[in-house]
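*Asks:* One structure follows; several queries about it will come next.
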Amino acid sequence: MRILAASDIHGDLKAAESLAKKAKKERVDLVILAGDLSIFGNGLEGLLKPFSDLKKKVAIIPGNHDSEADMFMLKKRYSDILYDLHSYAFKVGGVGFFGCGLANIGPNELSENQIKKRIQNSFRYISDAKKKVMVVHVPPYKTKLDVIGKDMNVGSTAVREMIEKLKPEKCICGHIHETFSLEDKLGGTTVINAGPKGKIIEI
């Protein structure tokens, strides 16, 4: 399966158009947008239209800049192409996708315990899948992907715990602009900060 994963578009329509062109060129099966689609709700108008025009399936979660209401609005408008991964799950072929959006800091904040419970609830729907992909906004704590400033780790302890317990093949995240496009390993899980330019992932 071929995935185009991106995050932190922040309402940039040109970035969305570029990702849609990449999705077409690379013949991906699924586009994943791992949060911060908007700037506090601004910039969502028309943002998913380039994918809709191509009839590309898109999975989304909210970031700390997005509200759950924003995601509900997008689901209604783009119901023909959209998967909601915020505490939900779905399967494509033998691959199960699960996750939780928002973040452990910011205006749309979840506690670490809330993040953990939502990931657990999402996972149970795809626990029998041959391969699994976790999609979150905030990266796991104490990895290459959650470092800002001088060795300051700001990731989620719950995300890390769930990766170590549930052992997905991939974990896609965003949030930390300083580590866009970087990857790290937690056990057998490859963790990827997708960033706005997007990354092609094979699974």
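Each chain in the structure tokens gets a letter, A, B and so on, in the order shown; residues start at 1 in every chain, and ligands are counted from 1 in the order they appear.
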Using backbone DSSP assignments, extract all helix (DSSP H, G or I) residues from stretch 89-130 of chain A; output them as a ChimeraX atom specification.
*Replies:* /A:112-123
*Asks:* Go ahead and write the selection's residues with C-alpha atoms as a PDB file, in the first residue's frame.
*Replies:*
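Printed below is selection34.pdb as written:
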ATOM      1  CA  GLU A 112      -2.074  12.482  28.378  1.00  0.00           C
ATOM      2  CA  ASN A 113      -4.667  10.158  29.883  1.00  0.00           C
ATOM      3  CA  GLN A 114      -7.289  11.296  27.344  1.00  0.00           C
ATOM      4  CA  ILE A 115      -4.844  10.724  24.475  1.00  0.00           C
ATOM      5  CA  LYS A 116      -4.081   7.235  25.777  1.00  0.00           C
ATOM      6  CA  LYS A 117      -7.751   6.278  26.145  1.00  0.00           C
ATOM      7  CA  ARG A 118      -8.689   7.569  22.697  1.00  0.00           C
ATOM      8  CA  ILE A 119      -5.836   5.676  21.035  1.00  0.00           C
ATOM      9  CA  GLN A 120      -6.792   2.500  22.892  1.00  0.00           C
ATOM     10  CA  ASN A 121     -10.433   2.875  21.876  1.00  0.00           C
ATOM     11  CA  SER A 122      -9.487   3.474  18.253  1.00  0.00           C
ATOM     12  CA  PHE A 123      -7.093   0.522  18.156  1.00  0.00           C
TER      13      PHE A 123
END
*Asks:* Mind the document's chain letters and residue numbers, and return as a PyMOL selection string the residues of chain A that DSSP labels strand (DSSP E or B).
*Replies:* chain A and resi 2-6+30-34+39+42+58-61+82-84+89-92+95-100+103+109+131-136+140+147-148+152-153+156+170-173+183-186+189-193+199-202
*Asks:* Compile the contact shell of A:Glu178 as a PyMOL selection string: residues with an atom at most 8 Å away, counting only C-alpha atoms, same-chain residues fewer than 2 positions apart removed.
*Replies:* chain A and resi 147-148+176+180
*Asks:* Would you mind listing what lies within 8 Å of A:Arg160 as a PyMOL selection string, with only C-alpha atoms counted and same-chain residues fewer than 5 positions away left out?
*Replies:* chain A and resi 139-141
*Asks:* Dump N, CA and C atoms for the selected residues as a JSON list (two decimals), in the first residue's frame?
*Replies:*
[["chain", "number", "residue", "atom", "x", "y", "z"],
["A", 139, "PRO", "N", 4.13, 14.18, 18.39],
["A", 139, "PRO", "CA", 5.04, 13.03, 18.33],
["A", 139, "PRO", "C", 5.26, 12.40, 19.69],
["A", 140, "PRO", "N", 5.79, 11.18, 19.70],
["A", 140, "PRO", "CA", 6.08, 10.54, 20.98],
["A", 140, "PRO", "C", 7.22, 11.24, 21.73],
["A", 141, "TYR", "N", 7.13, 11.18, 23.03],
["A", 141, "TYR", "CA", 8.10, 11.82, 23.91],
["A", 141, "TYR", "C", 9.49, 11.20, 23.77]]
*Asks:* Work out how far atom CA of A:Glu169 is from atom CA of A:Gly187, in Å to one decimal.
*Replies:*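 Straight-line distance from atom CA of A:Gly187 to atom CA of A:Glu169 works out to 9.7 Å.
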*Asks:* Between A:Thr157, A:Asn104, A:Ser87, A:Thr143, which has the minimum distance to A:Arg124 (counting only C-alpha atoms)?
*Replies:*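 For A:Arg124, the nearest of the candidates is A:Ser87.
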*Asks:* Can you list, as a ChimeraX atom specification, every protein, DNA or RNA residue that comes within 12 Å of A:Met73 when you count only C-alpha atoms, leaving out same-chain residues fewer than 2 positions away?
*Replies:* /A:41,44-45,48,62,66-71,75-79,82,84
*Asks:* For a test of reading the model, state the distance in Å between atom CA of A:Gly99 and atom CA of A:Val133, rounded to one decimal.
*Replies:* 8.2 Å
*Asks:* Which neighbours of A:Met134 fall inside 8 Å, counting only C-alpha atoms, when residues of the same chain fewer than 6 positions from it are skipped, and could you give them as a list of chain:residue names?
*Replies:*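 In the requested format, the answer is A:Phe97, A:Phe98, A:Gly99, A:Pro168, A:Lys170, A:Cys171, A:Ile172.
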*Asks:* Could you please take those selected residues and save C-alpha atoms as an mmCIF file, in the first residue's frame?
*Replies:*
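Below is the file that was written, out30.cif:
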data_model
loop_
_atom_site.group_PDB
_atom_site.id
_atom_site.type_symbol
_atom_site.label_atom_id
_atom_site.label_comp_id
_atom_site.auth_asym_id
_atom_site.auth_seq_id
_atom_site.Cartn_x
_atom_site.Cartn_y
_atom_site.Cartn_z
ATOM 1 C CA PHE A 97 -5.456 2.769 10.598
ATOM 2 C CA PHE A 98 -6.158 4.192 14.057
ATOM 3 C CA GLY A 99 -5.274 7.285 16.049
ATOM 4 C CA PRO A 168 2.198 -0.435 14.937
ATOM 5 C CA LYS A 170 4.275 3.036 11.353
ATOM 6 C CA CYS A 171 3.339 6.078 13.415
ATOM 7 C CA ILE A 172 2.634 9.272 11.476
#
*Asks:* List as number ranges by chain the protein and nucleic acid residues near stretch 23-27 of chain A, meaning an atom at most 9 Å away when only C-alpha atoms are counted, but skip any in the same chain fewer than 6 places from it.
*Replies:* A: 2-4, 51, 54, 56, 200
